[in-house]
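Shown next: start.pdb, given as PDB, C-alpha atoms and all ligand atoms.
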MODEL        1
ATOM      1  CA  MET A 239       0.000   0.000   0.000
ATOM      2  CA  LYS A 240       1.147   3.537  -0.804
ATOM      3  CA  ARG A 241       1.134   5.518   2.449
ATOM      4  CA  PHE A 242       0.647   9.115   1.297
ATOM      5  CA  ARG A 243      -0.388   9.982   4.827
ATOM      6  CA  ARG A 244       3.219   9.536   6.075
ATOM      7  CA  LEU A 245       4.103  13.039   4.910
ATOM      8  CA  ARG A 246       0.912  14.576   6.309
ATOM      9  CA  GLY A 247       1.436  13.555   9.927
ATOM     10  CA  SER A 248       2.429  16.929  11.380
ATOM     11  CA  GLU A 249       2.476  20.566  10.357
ATOM     12  CA  GLU A 250       6.292  20.390  10.311
ATOM     13  CA  LEU A 251       6.248  17.553   7.776
ATOM     14  CA  ARG A 252       3.524  19.171   5.710
ATOM     15  CA  ARG A 253       5.493  22.403   5.577
ATOM     16  CA  LEU A 254       8.627  20.531   4.510
ATOM     17  CA  VAL A 255       6.958  19.075   1.419
ATOM     18  CA  ARG A 256       4.630  21.942   0.529
ATOM     19  CA  GLU A 257       4.826  22.626  -3.202
ATOM     20  CA  THR A 258       3.346  26.114  -3.403
ATOM     21  CA  GLN A 259       4.337  29.162  -1.360
ATOM     22  CA  ILE A 260       2.849  32.628  -1.422
ATOM     23  CA  TYR A 261       5.404  35.453  -1.328
ATOM     24  CA  LYS A 262       4.565  38.995  -0.234
ATOM     25  CA  SER A 263       6.736  40.185  -3.092
ATOM     26  CA  SER A 264       4.316  38.622  -5.600
ATOM     27  CA  LEU A 265       1.321  40.624  -4.373
ATOM     28  CA  ILE A 266      -0.072  43.847  -5.838
ATOM     29  CA  TYR A 267      -2.860  45.846  -4.198
ATOM     30  CA  PRO A 268      -5.320  47.842  -6.365
ATOM     31  CA  ILE A 269      -6.161  51.351  -5.122
ATOM     32  CA  PHE A 270      -8.805  53.905  -6.138
ATOM     33  CA  VAL A 271      -7.946  57.592  -6.129
ATOM     34  CA  GLU A 272     -10.760  60.098  -6.542
ATOM     35  CA  GLU A 273     -10.238  63.697  -7.556
ATOM     36  CA  GLY A 274     -11.096  66.103  -4.740
ATOM     37  CA  GLU A 275     -10.143  66.695  -1.130
ATOM     38  CA  ASP A 276     -10.641  64.975   2.173
ATOM     39  CA  ILE A 277     -12.283  61.897   0.658
ATOM     40  CA  LYS A 278     -12.303  58.437   2.213
ATOM     41  CA  LYS A 279     -15.440  56.852   0.833
ATOM     42  CA  PRO A 280     -16.321  53.191   1.352
ATOM     43  CA  VAL A 281     -17.129  51.170  -1.764
ATOM     44  CA  ASP A 282     -20.414  49.550  -0.704
ATOM     45  CA  SER A 283     -20.047  46.456  -2.842
ATOM     46  CA  MET A 284     -16.459  45.848  -1.667
ATOM     47  CA  PRO A 285     -16.264  45.743   2.148
ATOM     48  CA  GLY A 286     -12.875  47.012   3.325
ATOM     49  CA  VAL A 287     -12.155  48.956   0.119
ATOM     50  CA  PHE A 288     -12.262  52.783   0.041
ATOM     51  CA  ARG A 289     -11.758  55.553  -2.470
ATOM     52  CA  TYR A 290      -9.261  58.161  -1.290
ATOM     53  CA  SER A 291      -8.484  61.647  -2.504
ATOM     54  CA  PRO A 292      -4.750  62.247  -3.084
ATOM     55  CA  ASP A 293      -4.421  64.286   0.151
ATOM     56  CA  ARG A 294      -5.549  61.304   2.264
ATOM     57  CA  LEU A 295      -3.770  58.564   0.348
ATOM     58  CA  SER A 296      -1.066  58.275   2.995
ATOM     59  CA  GLU A 297      -3.557  56.705   5.403
ATOM     60  CA  LEU A 298      -3.617  53.718   3.083
ATOM     61  CA  LEU A 299      -0.086  53.828   1.703
ATOM     62  CA  ASP A 300       1.551  53.744   5.146
ATOM     63  CA  GLU A 301      -0.121  50.393   5.656
ATOM     64  CA  VAL A 302       0.709  49.170   2.155
ATOM     65  CA  SER A 303       4.386  50.041   2.481
ATOM     66  CA  ALA A 304       4.623  48.476   5.972
ATOM     67  CA  SER A 305       3.119  45.254   4.564
ATOM     68  CA  LYS A 306       6.143  44.744   2.268
ATOM     69  CA  ILE A 307       4.039  43.762  -0.728
ATOM     70  CA  SER A 308       5.573  44.885  -4.023
ATOM     71  CA  GLY A 309       3.246  47.622  -5.093
ATOM     72  CA  VAL A 310      -0.065  49.120  -6.026
ATOM     73  CA  LEU A 311      -2.202  49.176  -9.170
ATOM     74  CA  VAL A 312      -3.566  52.710  -9.469
ATOM     75  CA  PHE A 313      -7.047  53.577 -10.742
ATOM     76  CA  GLY A 314      -7.973  57.245 -10.974
ATOM     77  CA  ILE A 315     -11.495  58.639 -10.843
ATOM     78  CA  PRO A 316     -11.535  62.114 -12.420
ATOM     79  CA  ALA A 317     -14.032  64.889 -11.679
ATOM     80  CA  HIS A 318     -14.377  65.626 -15.386
ATOM     81  CA  LYS A 319     -15.423  62.986 -17.915
ATOM     82  CA  ASP A 320     -15.946  63.516 -21.637
ATOM     83  CA  ALA A 321     -16.374  61.533 -24.855
ATOM     84  CA  LEU A 322     -12.632  61.204 -25.486
ATOM     85  CA  GLY A 323     -11.553  60.625 -21.879
ATOM     86  CA  SER A 324      -9.307  63.681 -21.905
ATOM     87  CA  SER A 325      -8.605  63.538 -18.143
ATOM     88  CA  ALA A 326      -6.713  60.283 -18.779
ATOM     89  CA  TYR A 327      -3.944  62.068 -20.685
ATOM     90  CA  ASP A 328      -4.002  65.357 -18.765
ATOM     91  CA  ASP A 329      -0.555  65.663 -17.155
ATOM     92  CA  ASN A 330      -2.245  67.227 -14.112
ATOM     93  CA  GLY A 331      -5.002  64.613 -13.927
ATOM     94  CA  VAL A 332      -5.882  62.841 -10.704
ATOM     95  CA  THR A 333      -4.115  59.625 -11.735
ATOM     96  CA  GLN A 334      -0.932  61.495 -12.579
ATOM     97  CA  GLN A 335      -1.157  63.345  -9.235
ATOM     98  CA  ALA A 336      -1.554  60.062  -7.393
ATOM     99  CA  ILE A 337       1.345  58.412  -9.235
ATOM    100  CA  SER A 338       3.768  61.235  -8.527
ATOM    101  CA  PHE A 339       2.612  61.495  -4.912
ATOM    102  CA  ILE A 340       3.322  57.802  -4.378
ATOM    103  CA  LYS A 341       6.703  57.856  -6.113
ATOM    104  CA  ASN A 342       7.781  60.968  -4.175
ATOM    105  CA  ASN A 343       6.703  59.680  -0.787
ATOM    106  CA  TYR A 344       7.010  55.902  -1.089
ATOM    107  CA  PRO A 345       9.825  55.403  -3.605
ATOM    108  CA  LYS A 346      10.136  51.686  -2.844
ATOM    109  CA  LEU A 347       6.523  50.900  -3.744
ATOM    110  CA  LEU A 348       6.125  49.863  -7.366
ATOM    111  CA  VAL A 349       3.461  51.923  -9.068
ATOM    112  CA  ILE A 350       1.573  50.098 -11.786
ATOM    113  CA  ALA A 351      -0.690  52.399 -13.785
ATOM    114  CA  ASP A 352      -3.849  50.918 -15.292
ATOM    115  CA  VAL A 353      -4.263  52.408 -18.764
ATOM    116  CA  CYS A 354      -7.829  52.486 -20.036
ATOM    117  CA  LEU A 355     -10.382  55.117 -20.970
ATOM    118  CA  CYS A 356     -13.500  53.799 -19.209
ATOM    119  CA  GLU A 357     -12.941  55.689 -15.939
ATOM    120  CA  TYR A 358     -12.456  58.895 -17.940
ATOM    121  CA  THR A 359     -15.167  58.715 -20.623
ATOM    122  CA  ASP A 360     -18.712  60.000 -20.080
ATOM    123  CA  HIS A 361     -20.084  56.898 -21.878
ATOM    124  CA  GLY A 362     -17.999  54.500 -19.759
ATOM    125  CA  HIS A 363     -16.543  52.490 -22.655
ATOM    126  CA  CYS A 364     -12.857  51.603 -22.856
ATOM    127  CA  GLY A 365     -12.419  53.217 -26.261
ATOM    128  CA  VAL A 366     -13.656  55.956 -28.557
ATOM    129  CA  VAL A 367     -17.322  55.616 -29.546
ATOM    130  CA  HIS A 368     -18.401  56.349 -33.090
ATOM    131  CA  GLU A 369     -22.059  55.872 -34.073
ATOM    132  CA  GLY A 370     -22.636  53.500 -31.193
ATOM    133  CA  ARG A 371     -19.553  51.366 -31.905
ATOM    134  CA  ILE A 372     -16.305  51.206 -30.007
ATOM    135  CA  VAL A 373     -13.689  51.988 -32.621
ATOM    136  CA  ASN A 374     -10.287  50.377 -32.307
ATOM    137  CA  ASP A 375      -7.725  52.335 -34.278
ATOM    138  CA  GLU A 376      -8.945  55.784 -33.208
ATOM    139  CA  THR A 377      -8.518  54.668 -29.590
ATOM    140  CA  LEU A 378      -4.854  53.659 -29.886
ATOM    141  CA  PRO A 379      -3.307  57.161 -29.943
ATOM    142  CA  LEU A 380      -5.298  58.134 -26.830
ATOM    143  CA  LEU A 381      -4.103  55.050 -24.958
ATOM    144  CA  ALA A 382      -0.529  55.767 -26.065
ATOM    145  CA  LYS A 383      -0.777  59.387 -24.867
ATOM    146  CA  THR A 384      -2.181  58.208 -21.540
ATOM    147  CA  ALA A 385       0.639  55.701 -21.092
ATOM    148  CA  VAL A 386       3.289  58.349 -21.787
ATOM    149  CA  SER A 387       1.616  60.777 -19.376
ATOM    150  CA  PHE A 388       1.561  58.116 -16.616
ATOM    151  CA  ALA A 389       5.206  57.235 -17.302
ATOM    152  CA  ARG A 390       6.114  60.924 -17.100
ATOM    153  CA  ALA A 391       4.350  61.121 -13.718
ATOM    154  CA  GLY A 392       6.629  58.308 -12.539
ATOM    155  CA  ALA A 393       4.778  55.031 -13.135
ATOM    156  CA  ASP A 394       7.080  52.009 -12.893
ATOM    157  CA  ILE A 395       4.913  49.749 -15.047
ATOM    158  CA  ILE A 396       2.234  50.533 -17.646
ATOM    159  CA  ALA A 397      -0.759  48.176 -17.633
ATOM    160  CA  PRO A 398      -3.195  48.544 -20.545
ATOM    161  CA  SER A 399      -6.602  46.998 -19.723
ATOM    162  CA  ASP A 400      -8.715  48.232 -22.636
ATOM    163  CA  MET A 401      -8.508  45.156 -24.946
ATOM    164  CA  MET A 402      -8.144  47.149 -28.169
ATOM    165  CA  ASP A 403      -6.105  45.281 -30.807
ATOM    166  CA  GLY A 404      -2.611  46.615 -31.359
ATOM    167  CA  ARG A 405      -2.433  48.682 -28.203
ATOM    168  CA  VAL A 406       0.717  47.101 -26.823
ATOM    169  CA  ALA A 407       2.645  47.989 -29.986
ATOM    170  CA  ALA A 408       1.191  51.519 -30.028
ATOM    171  CA  ILE A 409       2.074  52.074 -26.360
ATOM    172  CA  ARG A 410       5.564  50.559 -26.729
ATOM    173  CA  GLU A 411       6.343  52.816 -29.649
ATOM    174  CA  ALA A 412       5.067  55.929 -27.874
ATOM    175  CA  LEU A 413       6.969  55.131 -24.666
ATOM    176  CA  ASP A 414      10.188  54.496 -26.609
ATOM    177  CA  SER A 415       9.930  57.697 -28.610
ATOM    178  CA  GLU A 416       9.316  59.769 -25.465
ATOM    179  CA  GLY A 417      12.353  58.430 -23.617
ATOM    180  CA  PHE A 418      10.678  55.651 -21.625
ATOM    181  CA  SER A 419      12.239  52.649 -23.318
ATOM    182  CA  ASP A 420      12.989  51.170 -19.867
ATOM    183  CA  THR A 421       9.372  51.280 -18.672
ATOM    184  CA  PRO A 422       7.849  47.777 -18.804
ATOM    185  CA  ILE A 423       4.377  46.943 -20.100
ATOM    186  CA  MET A 424       2.171  44.528 -18.184
ATOM    187  CA  SER A 425      -0.625  43.777 -20.620
ATOM    188  CA  TYR A 426      -4.092  42.593 -19.650
ATOM    189  CA  SER A 427      -3.727  40.111 -22.515
ATOM    190  CA  ALA A 428      -6.490  37.613 -21.773
ATOM    191  CA  LYS A 429      -9.179  39.777 -20.268
ATOM    192  CA  TYR A 430     -12.627  38.249 -20.363
ATOM    193  CA  ALA A 431     -16.031  39.961 -20.626
ATOM    194  CA  SER A 432     -16.875  38.903 -17.091
ATOM    195  CA  GLY A 433     -19.719  39.377 -14.668
ATOM    196  CA  TYR A 434     -17.075  39.432 -11.933
ATOM    197  CA  TYR A 435     -16.215  43.093 -12.603
ATOM    198  CA  SER A 436     -19.465  44.643 -11.420
ATOM    199  CA  PRO A 437     -18.310  45.735  -7.930
ATOM    200  CA  PHE A 438     -15.297  47.406  -9.577
ATOM    201  CA  ARG A 439     -17.562  49.479 -11.765
ATOM    202  CA  ASP A 440     -19.075  50.976  -8.585
ATOM    203  CA  ALA A 441     -15.614  51.528  -7.171
ATOM    204  CA  ALA A 442     -14.299  53.249 -10.283
ATOM    205  CA  ASP A 443     -17.514  54.771 -11.694
ATOM    206  CA  SER A 444     -16.791  53.057 -14.981
ATOM    207  CA  ALA A 445     -19.946  51.170 -15.975
ATOM    208  CA  PRO A 446     -20.750  51.552 -19.684
ATOM    209  CA  CYS A 447     -23.908  53.639 -20.147
ATOM    210  CA  PHE A 448     -25.043  51.595 -23.170
ATOM    211  CA  GLY A 449     -24.305  48.070 -24.346
ATOM    212  CA  ASP A 450     -21.538  45.995 -22.821
ATOM    213  CA  ARG A 451     -17.863  45.190 -23.372
ATOM    214  CA  ARG A 452     -18.312  41.986 -25.376
ATOM    215  CA  THR A 453     -17.056  43.451 -28.659
ATOM    216  CA  TYR A 454     -13.616  43.996 -27.155
ATOM    217  CA  GLN A 455     -13.224  41.775 -24.065
ATOM    218  CA  MET A 456     -12.999  38.000 -24.592
ATOM    219  CA  ASP A 457     -15.816  35.462 -24.647
ATOM    220  CA  PRO A 458     -15.597  33.396 -21.408
ATOM    221  CA  ALA A 459     -16.088  30.232 -23.472
ATOM    222  CA  ASN A 460     -12.765  30.625 -25.314
ATOM    223  CA  GLY A 461      -9.478  29.157 -24.074
ATOM    224  CA  LYS A 462      -7.314  28.733 -27.189
ATOM    225  CA  GLU A 463      -8.070  32.308 -28.202
ATOM    226  CA  ALA A 464      -6.501  33.484 -24.934
ATOM    227  CA  LEU A 465      -3.223  31.904 -25.986
ATOM    228  CA  ARG A 466      -3.381  33.735 -29.326
ATOM    229  CA  GLU A 467      -4.052  37.033 -27.531
ATOM    230  CA  ILE A 468      -1.115  36.442 -25.194
ATOM    231  CA  ALA A 469       1.247  35.400 -28.001
ATOM    232  CA  ASP A 470       0.323  38.526 -29.944
ATOM    233  CA  ASP A 471       0.886  40.832 -26.971
ATOM    234  CA  ILE A 472       4.299  39.261 -26.449
ATOM    235  CA  SER A 473       5.179  39.848 -30.092
ATOM    236  CA  GLU A 474       4.035  43.485 -29.738
ATOM    237  CA  GLY A 475       6.381  43.960 -26.792
ATOM    238  CA  ALA A 476       4.590  43.019 -23.563
ATOM    239  CA  ASP A 477       7.024  42.278 -20.717
ATOM    240  CA  ILE A 478       4.418  40.714 -18.413
ATOM    241  CA  VAL A 479       1.100  39.201 -19.516
ATOM    242  CA  MET A 480      -2.070  38.954 -17.470
ATOM    243  CA  VAL A 481      -5.052  36.670 -17.208
ATOM    244  CA  LYS A 482      -8.202  38.200 -15.754
ATOM    245  CA  PRO A 483     -10.306  37.218 -13.815
ATOM    246  CA  ALA A 484      -8.265  34.591 -11.976
ATOM    247  CA  LEU A 485     -10.377  31.988 -10.191
ATOM    248  CA  ALA A 486     -12.813  31.138 -12.970
ATOM    249  CA  TYR A 487      -9.872  31.061 -15.422
ATOM    250  CA  LEU A 488      -7.253  28.925 -13.669
ATOM    251  CA  ASP A 489      -7.096  26.704 -16.764
ATOM    252  CA  ILE A 490      -6.039  29.716 -18.819
ATOM    253  CA  ILE A 491      -3.342  30.665 -16.301
ATOM    254  CA  HIS A 492      -2.077  27.091 -16.381
ATOM    255  CA  ALA A 493      -2.093  26.840 -20.177
ATOM    256  CA  ALA A 494      -0.273  30.173 -20.432
ATOM    257  CA  ARG A 495       2.293  28.952 -17.885
ATOM    258  CA  GLU A 496       3.003  25.849 -19.973
ATOM    259  CA  ARG A 497       3.325  27.755 -23.228
ATOM    260  CA  PHE A 498       5.080  31.038 -22.342
ATOM    261  CA  ASP A 499       8.180  31.770 -20.308
ATOM    262  CA  LEU A 500       7.715  35.400 -19.335
ATOM    263  CA  PRO A 501       6.140  36.511 -16.042
ATOM    264  CA  ILE A 502       2.410  35.885 -15.766
ATOM    265  CA  ALA A 503       0.105  38.027 -13.653
ATOM    266  CA  ALA A 504      -3.390  37.045 -12.538
ATOM    267  CA  TYR A 505      -6.041  39.504 -11.389
ATOM    268  CA  ASN A 506      -8.233  38.226  -8.560
ATOM    269  CA  VAL A 507     -11.013  40.687  -9.429
ATOM    270  CA  SER A 508     -13.614  42.630  -7.494
ATOM    271  CA  GLY A 509     -16.472  40.115  -7.787
ATOM    272  CA  GLU A 510     -14.206  37.298  -6.604
ATOM    273  CA  TYR A 511     -13.321  39.438  -3.596
ATOM    274  CA  SER A 512     -16.859  40.578  -2.795
ATOM    275  CA  MET A 513     -18.295  37.052  -2.907
ATOM    276  CA  VAL A 514     -15.776  35.877  -0.329
ATOM    277  CA  LYS A 515     -16.368  38.964   1.843
ATOM    278  CA  ALA A 516     -20.146  38.558   1.739
ATOM    279  CA  ALA A 517     -20.067  34.872   2.657
ATOM    280  CA  ALA A 518     -17.560  35.573   5.437
ATOM    281  CA  GLN A 519     -19.706  38.393   6.839
ATOM    282  CA  ALA A 520     -22.675  36.044   6.893
ATOM    283  CA  GLY A 521     -20.585  33.578   8.882
ATOM    284  CA  TRP A 522     -20.822  30.902   6.200
ATOM    285  CA  ILE A 523     -17.115  30.482   5.509
ATOM    286  CA  ASP A 524     -13.798  31.020   7.277
ATOM    287  CA  GLU A 525     -12.444  34.062   5.425
ATOM    288  CA  ARG A 526      -8.798  33.421   6.208
ATOM    289  CA  ARG A 527      -8.870  29.801   5.052
ATOM    290  CA  ILE A 528     -10.798  30.577   1.887
ATOM    291  CA  VAL A 529      -8.637  33.525   0.874
ATOM    292  CA  LEU A 530      -5.370  31.642   1.421
ATOM    293  CA  GLU A 531      -6.790  28.664  -0.485
ATOM    294  CA  ASN A 532      -7.841  30.904  -3.393
ATOM    295  CA  ILE A 533      -4.504  32.713  -3.582
ATOM    296  CA  THR A 534      -2.645  29.384  -3.344
ATOM    297  CA  ALA A 535      -4.770  28.046  -6.221
ATOM    298  CA  ILE A 536      -3.894  31.030  -8.408
ATOM    299  CA  LYS A 537      -0.211  30.530  -7.617
ATOM    300  CA  ARG A 538      -0.373  26.761  -8.150
ATOM    301  CA  ALA A 539      -2.008  27.309 -11.546
ATOM    302  CA  GLY A 540       1.119  29.215 -12.545
ATOM    303  CA  ALA A 541       0.774  32.919 -11.773
ATOM    304  CA  ASP A 542       3.953  34.733 -10.709
ATOM    305  CA  ILE A 543       2.218  37.980  -9.793
ATOM    306  CA  ILE A 544      -1.161  38.173  -8.063
ATOM    307  CA  ILE A 545      -3.213  41.353  -8.043
ATOM    308  CA  THR A 546      -5.741  41.132  -5.229
ATOM    309  CA  TYR A 547      -7.883  43.263  -2.917
ATOM    310  CA  HIS A 548      -7.045  40.684  -0.225
ATOM    311  CA  ALA A 549      -3.310  41.519  -0.391
ATOM    312  CA  LEU A 550      -3.028  43.314   2.958
ATOM    313  CA  ASP A 551      -5.012  40.598   4.755
ATOM    314  CA  VAL A 552      -2.971  37.861   3.097
ATOM    315  CA  VAL A 553       0.234  39.379   4.463
ATOM    316  CA  LYS A 554      -1.194  39.466   7.991
ATOM    317  CA  TRP A 555      -2.369  35.878   7.715
ATOM    318  CA  LEU A 556       0.916  34.628   6.283
ATOM    319  CA  GLU A 557       2.650  36.093   9.324
ATOM    320  CA  GLY A 558       0.048  35.154  11.897
TER     321      GLY A 558
HETATM  322  C1  LIG B 601     -10.842  48.904 -16.745
HETATM  323  C2  LIG B 601     -10.701  47.823 -15.749
HETATM  324  C3  LIG B 601     -11.699  47.006 -15.200
HETATM  325  C4  LIG B 601     -11.075  46.224 -14.230
HETATM  326  C5  LIG B 601      -9.730  46.558 -14.258
HETATM  327  N1  LIG B 601      -9.507  47.539 -15.212
HETATM  328  C6  LIG B 601     -13.163  46.972 -15.429
HETATM  329  C7  LIG B 601     -13.748  46.561 -16.699
HETATM  330  O1  LIG B 601     -13.065  46.169 -17.641
HETATM  331  O2  LIG B 601     -14.958  46.659 -16.790
HETATM  332  C8  LIG B 601     -11.765  45.224 -13.350
HETATM  333  C9  LIG B 601     -11.127  45.009 -12.032
HETATM  334  C10 LIG B 601     -11.973  44.320 -11.019
HETATM  335  O3  LIG B 601     -13.121  43.892 -11.249
HETATM  336  O4  LIG B 601     -11.472  44.195  -9.900
HETATM  337  N2  LIG B 601     -10.929  48.473 -18.061
HETATM  338 ZN    ZN B 602     -11.777  50.069 -19.442
ENDMDL
END

Would you mind giving the structure from this file in C-alpha cells?
Ligand code: PBG
Ligand code: ZN
Amino acid sequence: MKRFRRLRGSEELRRLVRETQIYKSSLIYPIFVEEGEDIKKPVDSMPGVFRYSPDRLSELLDEVSASKISGVLVFGIPAHKDALGSSAYDDNGVTQQAISFIKNNYPKLLVIADVCLCEYTDHGHCGVVHEGRIVNDETLPLLAKTAVSFARAGADIIAPSDMMDGRVAAIREALDSEGFSDTPIMSYSAKYASGYYSPFRDAADSAPCFGDRRTYQMDPANGKEALREIADDISEGADIVMVKPALAYLDIIHAARERFDLPIAAYNVSGEYSMVKAAAQAGWIDERRIVLENITAIKRAGADIIITYHALDVVKWLEG
C-alpha cells in the first residue's frame, strides 16, 4: 500500500513538502484615487475597500508600504469625464497626481498604472465611440498618450486593460519615442467579458452607459483564443502578460504557464473578492482559510504575480 499519509502527519512535515508558497513580493494591491479633497469613501459592494483623494492617500499607503508587498495598481477617478476621456492624458489629472505622490513619498513601492479610458469617458466604454460602436484604431493614440503621461508622472509599469487590438505595440512605440524605453508593459492580454467586474464598476464609476464590453473583451467560453491574444501581446512587446479574472480562469493561467516563459500576472477581481467577503460576513465560511486557499490556487495554476484586494489581509495571515 502507498502511504501518502506519512508526509501529512504533522504541520512540520507538511510544511517541509509543501509545493506552493505565497510570497509577499508577488502581491499587488489595487487602489482607487478620486479627484477632490478629504475623501475616504467606502465602496459599498467591496467591504474594506475605500476611495481616497490624493491628500488622504497616505492613510492607506503607510499600511501598504509596511506590509512589504511589491506595489499598487492605481485607478484614478476624475471629476471631469468627456467623450474622449481627456482627463486620462491630462498631465495634471488625478491619476498622474496620485502616481507622482506615491513615487515621491514611497519610492520603494512599485506603481503600476492601469491604462484604459473607461474611468475617464462620459459613456464608460474603454475606447472611442463612433455611431454606437467602439472603434479600435482611433482609440490607440489616446491610450498611447495616456501611457506616456503616466510614465512621465513616474509610473514604474504601464498596464493597458482596454482590450483594443494593437495597443501594446502603439504604447511601446510611444513610450520608446518619449524616452521611456525602460518602462515595462504589463498587458491585460487575456481579459474576459466577465460578470465578476461589477463591484469594480461601482468603485471606479466606470460602468458603460449603453451596451456591454463583449465586442472587445474576450468570450468566457474561449481558451485557445486566450493563448493567441497572449502570443500577440508578447510579439508586440509586452514584458508581463495577465489573465483576468483569476479563479474562474485557472485553466487559462495554467495553459499560459506551460506555453510562455515570461512573467504571468493574474487579477483576482472585485467580484471574486466581494463574494468571499459577503459569505464571510454572513458567517458561512472562514475568510482566512478561503482567501489563502484561493490565492494558493492562483499561484499553483502558474501565476507569478497576483493582483488582489485581499493583499493586505494575506500578508497578515501569512505572518500570523
Ligand atoms: C478597466 C478595468 C476594469 C477592471 C480593471 N480595469 C473593469 C472593466 O473592464 O470593466 C476590473 C477590475 C476588477 O473587477 O477588480 N478596463
Ligand atoms: Zn476600461

task = For ligand LIG 601 (chain B), collect every residue having any atom at a distance of at most 10 Å from a ligand atom (counting only C-alpha atoms and all ligand atoms); output as number ranges by chain.
result = A: 268, 284, 311-313, 352-357, 362-365, 397-401, 426, 429-446, 450-451, 454-455, 482-483, 505-512, 545-547

ask   = Evaluating the PyMOL selection byres (((chain A and resi 543) around 10) and not hetatm) on the displayed file yields which residues, as a count of residues only?
value = 24

inquiry  = Under the PyMOL selection byres (((chain A and resi 373-376) around 12) and not hetatm), which residues of this model are included? Write them out as a ChimeraX atom specification.
reply    = /A:322,363-372,377-382,400-405,408,453-454

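Using all atoms listed in the file, the nearest neighbour of ligand ZN 602 (chain B) within the list A:Pro422, A:Pro316, A:Gly323, A:Gly558 is A:Gly323.
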
query = Given the choices A:Ile409, A:Arg452, A:Ala304, A:Tyr290, which gets closest to ligand ZN 602 (chain B) if the distance is worked out from all atoms listed in the file?
reply =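 When distances to ligand ZN 602 (chain B) are compared using all atoms listed in the file, the smallest one comes from A:Arg452.
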
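Near (-13.5, 34.6, 7.2), the residues inside the 12 Å limit, counting all atoms listed in the file, come to Tyr511, Met513, Val514, Lys515, Ala516, Ala517, Ala518, Gln519, Ala520, Gly521, Trp522, Ile523, Asp524, Glu525, Arg526, Arg527, Ile528, Val529, Leu530, Glu531, His548, Asp551, Val552 and Trp555 of chain A.
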
ask   = Separation of CA of Ser338 in chain A and CA of Phe288 in chain A, in Å?
value =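 Separation of CA of Ser338 in chain A and CA of Phe288 in chain A: 20.0 Å.
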
key: Near-Val255 in chain A list (12 Å; all atoms listed in the file; drop same-chain fewer than 6 positions) as a list of chain:residue names   =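 Here the answer would be A:Phe242, A:Arg244, A:Leu245, A:Arg246, A:Gly247, A:Ser248, A:Glu249.
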